[in-house]
Amino acid sequence: MNQTASPTQSQAPRKILVLGATSGIAEATCRIWASQGASLFLVARNAEKLDAVAADLRTRGASYVDTAVADLDDTDQHPTLLAHAINSLTGLDVAFLAHGILGDQTRAEQDFNTAAQILHTNFMAPVSLLTWLANFCVQRRAGTLAVISSVAGDRGRKSNYLYGSSKAGLSAFLGGLRNRVDREGVTILSIKPGPVKTAMTAGMKGSEKFANVDSVAKSIVSAIEAKKDTLYVPFQWQPIMFVIRNIPERIFKKLNL
Ligand SMILES: NC(=O)c1ccc[n+]([C@@H]2O[C@H](COP(=O)([O-])OP(=O)(O)OC[C@H]3O[C@@H](n4cnc5c(N)ncnc54)[C@H](OP(=O)(O)O)[C@@H]3O)[C@@H](O)[C@H]2O)c1
């Protein structure tokens, strides 16, 4: 654990827990929060990358930064990790779940363990984290859980249906969780990015045209502030996915998507 100055009552910075803090999208989002003077607790599995991100956020104005190294696939550790993070922040305003893997679709088509790994990291681990976090927030009747799903979860397609189905499960879980906790004063934000320029998409065909991570981050910060339910980002993915979801299956199954 690595701490800087403690948050004070007078500054009343927002207390934000970031899971998967070394993700390109999370890093860009944290840069905005740091410049606003937020208190941040960062969790990632790569200690070296995590230290670099934390150091950068301190220089950008975060009023408090603490970190924990954890492999989020290890769901048994979640309760201790989350309790420790909230204790360190002395509360919780926002939890931001950003970790995830694209996985190897071709391999997953032949090998169940590869498929199961994608489902575990992108679906099971978030379900474990969100179950604990939602119950914590319900008890206090406050808090926002902002979670990165994907447009890929809106409809399964042959080129990435393992990743897509993990995100579809996550999106459905978030919808149900929102329906349960909204009346308890807890906000659930489902974030559905289209392709974004990060390490996850580096080297993909056409990646130079993917969305800029800083503008995606800006939209995420605004959606959290506005207590939105769902954010398609960039916004044009909302009508695009509306059309894609409504293509009749007899046509869709013949497409190369
Ligand atoms: N980029 C896109 O086009 C796009 C589009 C839609 C949705 N998303 C979603 O956006 C989120 C962020 O992705 P990104 O684009 O920012 O990609 P990224 O830079 O590759 O970030 C993914 C992060 O997840 C972390 N991670 C993976 N498995 C983990 C585990 N078991 N424990 C802890 N950390 C783990 C990775 O850690 P390591 O660095 O240690 O591997 C990495 O920091 C993901 O959920 C992704 O599915 C991305």
# chains A, B, ... in the order shown; residues from 1 in each chain; ligands from 1
call {"tool": "residues_near_ligand", "arguments": {"ligand": "ligand 1", "cutoff": "6 Å", "atoms": "only C-alpha atoms and all ligand atoms", "output": "PyMOL selection string"}}
result
chain A and resi 20+22-25+44-46+71-73+98-101+121+148-150+193-201
call {"tool": "closest_residue", "arguments": {"among": "A:Val138, A:Ala116, A:Ala52, A:Val127", "to": "Arg180 (chain A)", "atoms": "only C-alpha atoms"}}
result
A:Val138
call {"tool": "select_by_dssp", "arguments": {"residues": "region 127-245 of chain A", "states": "helix (DSSP H, G or I)", "output": "PyMOL selection string"}}
result
chain A and resi 127-140+151-153+161-184+199-201+207-209+213-225+237-245
call {"tool": "select_by_dssp", "arguments": {"residues": "region 107-252 of chain A", "states": "strand (DSSP E)", "output": "ChimeraX atom specification"}}
result
/A:144-148,187-193,230-233
call {"tool": "write_last_selection", "arguments": {"atoms": "N, CA and C atoms", "output": "tab-separated table (two decimals), in the first residue's frame"}}
result
chain	number	residue	atom	x	y	z
A	144	THR	N	-22.44	5.14	-6.56
A	144	THR	CA	-22.59	4.84	-7.99
A	144	THR	C	-21.63	3.72	-8.36
A	145	LEU	N	-22.15	2.72	-9.06
A	145	LEU	CA	-21.31	1.65	-9.58
A	145	LEU	C	-21.30	1.80	-11.10
A	146	ALA	N	-20.15	2.20	-11.64
A	146	ALA	CA	-20.01	2.44	-13.08
A	146	ALA	C	-19.18	1.31	-13.66
A	147	VAL	N	-19.73	0.62	-14.64
A	147	VAL	CA	-19.14	-0.64	-15.09
A	147	VAL	C	-18.99	-0.64	-16.61
A	148	ILE	N	-17.80	-1.01	-17.08
A	148	ILE	CA	-17.60	-1.07	-18.54
A	148	ILE	C	-18.04	-2.42	-19.08
A	187	THR	N	-26.92	4.13	-7.78
A	187	THR	CA	-26.94	4.30	-9.23
A	187	THR	C	-26.03	3.26	-9.89
A	188	ILE	N	-26.55	2.63	-10.95
A	188	ILE	CA	-25.75	1.68	-11.73
A	188	ILE	C	-25.62	2.25	-13.13
A	189	LEU	N	-24.39	2.48	-13.55
A	189	LEU	CA	-24.15	2.97	-14.92
A	189	LEU	C	-23.54	1.85	-15.76
A	190	SER	N	-24.25	1.48	-16.83
A	190	SER	CA	-23.70	0.51	-17.80
A	190	SER	C	-23.01	1.30	-18.90
A	191	ILE	N	-21.72	1.08	-19.06
A	191	ILE	CA	-20.95	1.81	-20.07
A	191	ILE	C	-20.71	0.85	-21.24
A	192	LYS	N	-21.16	1.28	-22.42
A	192	LYS	CA	-21.02	0.42	-23.61
A	192	LYS	C	-20.19	1.14	-24.65
A	193	PRO	N	-18.87	0.97	-24.59
A	193	PRO	CA	-18.04	1.61	-25.62
A	193	PRO	C	-18.09	0.81	-26.92
A	230	THR	N	-27.33	4.26	-18.74
A	230	THR	CA	-26.55	3.61	-19.79
A	230	THR	C	-25.82	4.66	-20.60
A	231	LEU	N	-24.59	4.37	-20.95
A	231	LEU	CA	-23.82	5.27	-21.81
A	231	LEU	C	-23.28	4.47	-23.00
A	232	TYR	N	-23.74	4.80	-24.20
A	232	TYR	CA	-23.08	4.31	-25.41
A	232	TYR	C	-22.03	5.36	-25.75
A	233	VAL	N	-20.78	4.93	-26.00
A	233	VAL	CA	-19.73	5.90	-26.24
A	233	VAL	C	-18.74	5.37	-27.30
call {"tool": "closest_residue", "arguments": {"among": "A:Arg58, A:His120, A:Lys49, A:Lys253", "to": "Tyr163 (chain A)", "atoms": "only C-alpha atoms"}}
result
A:His120
call {"tool": "closest_residue", "arguments": {"among": "A:Ile32, A:Val18, A:Ala168, A:Ile247", "to": "Ala217 (chain A)", "atoms": "only C-alpha atoms"}}
result
A:Ile32
call {"tool": "residues_around", "arguments": {"residues": "Gln77 (chain A)", "least_positions_apart": "5", "cutoff": "12 Å", "atoms": "only C-alpha atoms", "output": "list of chain:residue names"}}
result
A:Ala68, A:Val69, A:Ala70, A:Asp71, A:Leu72, A:Leu82, A:Ala83, A:His84, A:Ala125, A:Ser128, A:Leu129, A:Trp132
call {"tool": "closest_residue", "arguments": {"among": "A:Arg141, A:Arg107, A:Glu249, A:Thr90", "to": "Arg183 (chain A)", "atoms": "only C-alpha atoms"}}
result
A:Arg141
